[in-house]
Amino acid sequence: MTKESTYQSLFPQIQSLISSETDLIANMANIVAALHNTFHFWWTGFYIVKEKPKFEIINHQSSINQELVLGPFQGPIACTRIPFGKGVCGTAWQQNKTLIVPNVHEFPGHIACSSASKSEIVVPIRQNGEVIAVLDIDSKDYNSFDEIDKNYLEQIQLFN
Ligand code: SME
């Protein structure tokens, strides 16, 4: 089975899984489980845009009072908070676009939650055009992600 045909058979299942449930976290949890167990990625998960705790805003005087916080995922433990514009996830959020990173060692500022991770794709999840989360997938091999992954993963709609 090609990657494309795997996505083609998996996506209607994902769609039907999430269409009958309105809870965001429950839907994110099932999406990562479905993707992770189908493709056997190294790490599959969501980071969710959240307000920073108040003390952090005061201490760091940052103009951005939001950050990415670890959400539902499958795989080894991961970093819990990622600032706006940092790492692949924070950059995809800042640029509001999907980033495919064929070799994470060549991405300036890549955040290595695991030294095993070699390539990565990060897809923004939007509500009314605004990024409210990112889907982050890591592979143990270089060059694992391409336009096929981008095209399908961008179709994940958590809001109708
Ligand atoms: N590598 C990501 C951090 C998250 S982990 O890969 C799970 C990044 O650079 O944003």
# chains A, B, ... in the order shown; residues from 1 in each chain; ligands from 1

$ residues_near_ligand --ligand "ligand 1" --cutoff "9 Å" --atoms "only C-alpha atoms and all ligand atoms" --output "number ranges by chain"
A: 43-47, 70, 73, 75-82, 86-92, 104, 107, 109-114, 117, 119-120, 122, 136-138

$ write_last_selection --atoms "C-alpha atoms" --output "CSV table (one decimal), in the first residue's frame"
chain,number,residue,atom,x,y,z
A,43,TRP,CA,6.3,10.9,17.8
A,44,THR,CA,2.9,12.2,16.9
A,45,GLY,CA,1.2,15.0,18.9
A,46,PHE,CA,-0.5,18.3,19.2
A,47,TYR,CA,0.8,21.5,20.9
A,70,LEU,CA,1.9,19.9,25.0
A,73,PHE,CA,0.4,12.8,21.9
A,75,GLY,CA,5.5,8.4,21.6
A,76,PRO,CA,8.2,9.3,24.1
A,77,ILE,CA,7.8,12.1,26.7
A,78,ALA,CA,8.3,15.6,25.2
A,79,CYS,CA,9.0,19.2,26.1
A,80,THR,CA,5.9,20.8,27.5
A,81,ARG,CA,6.2,24.4,26.5
A,82,ILE,CA,7.4,26.0,23.2
A,86,LYS,CA,10.9,29.0,18.6
A,87,GLY,CA,11.7,25.5,17.2
A,88,VAL,CA,9.9,24.0,14.2
A,89,CYS,CA,6.5,24.2,16.1
A,90,GLY,CA,6.9,27.8,17.2
A,91,THR,CA,8.0,28.8,13.7
A,92,ALA,CA,5.1,27.1,12.0
A,104,VAL,CA,16.1,18.5,11.9
A,107,PHE,CA,16.9,23.6,11.1
A,109,GLY,CA,16.7,26.6,16.6
A,110,HIS,CA,15.2,23.1,16.3
A,111,ILE,CA,14.1,21.9,19.8
A,112,ALA,CA,15.3,18.3,20.3
A,113,CYS,CA,12.9,16.7,22.6
A,114,SER,CA,14.4,13.4,21.5
A,117,SER,CA,14.2,12.5,15.8
A,119,SER,CA,12.9,14.7,10.3
A,120,GLU,CA,9.7,16.5,11.1
A,122,VAL,CA,4.4,20.6,11.6
A,136,ASP,CA,3.8,17.9,15.1
A,137,ILE,CA,5.1,14.6,13.7
A,138,ASP,CA,8.6,13.3,14.1

$ residues_around --residues "Ala26 in chain A" --least-positions-apart "5" --cutoff "10 Å" --atoms "only C-alpha atoms" --output "JSON, numbers by chain"
{"A": [17, 18, 21, 31, 72]}

$ write_last_selection --atoms "N, CA, C and O atoms" --output "compact mmCIF listing (two decimals), in the first residue's frame"
# COMPACT_ATOMS: atom_id res chain seq x y z
N LEU A 17 -14.59 9.52 13.06
CA LEU A 17 -14.26 9.50 14.50
C LEU A 17 -14.55 10.84 15.15
O LEU A 17 -15.12 10.91 16.24
N ILE A 18 -14.13 11.92 14.48
CA ILE A 18 -14.20 13.23 15.13
C ILE A 18 -15.51 13.97 14.86
O ILE A 18 -15.84 14.91 15.59
N GLU A 21 -18.01 13.90 17.78
CA GLU A 21 -17.54 14.34 19.11
C GLU A 21 -17.15 15.83 19.02
O GLU A 21 -16.50 16.23 18.05
N ILE A 31 -7.07 11.46 16.87
CA ILE A 31 -6.32 11.73 15.63
C ILE A 31 -4.87 11.26 15.76
O ILE A 31 -4.34 10.57 14.89
N PRO A 72 -2.44 16.20 23.52
CA PRO A 72 -2.46 14.76 23.32
C PRO A 72 -1.35 14.32 22.37
O PRO A 72 -1.13 14.97 21.34
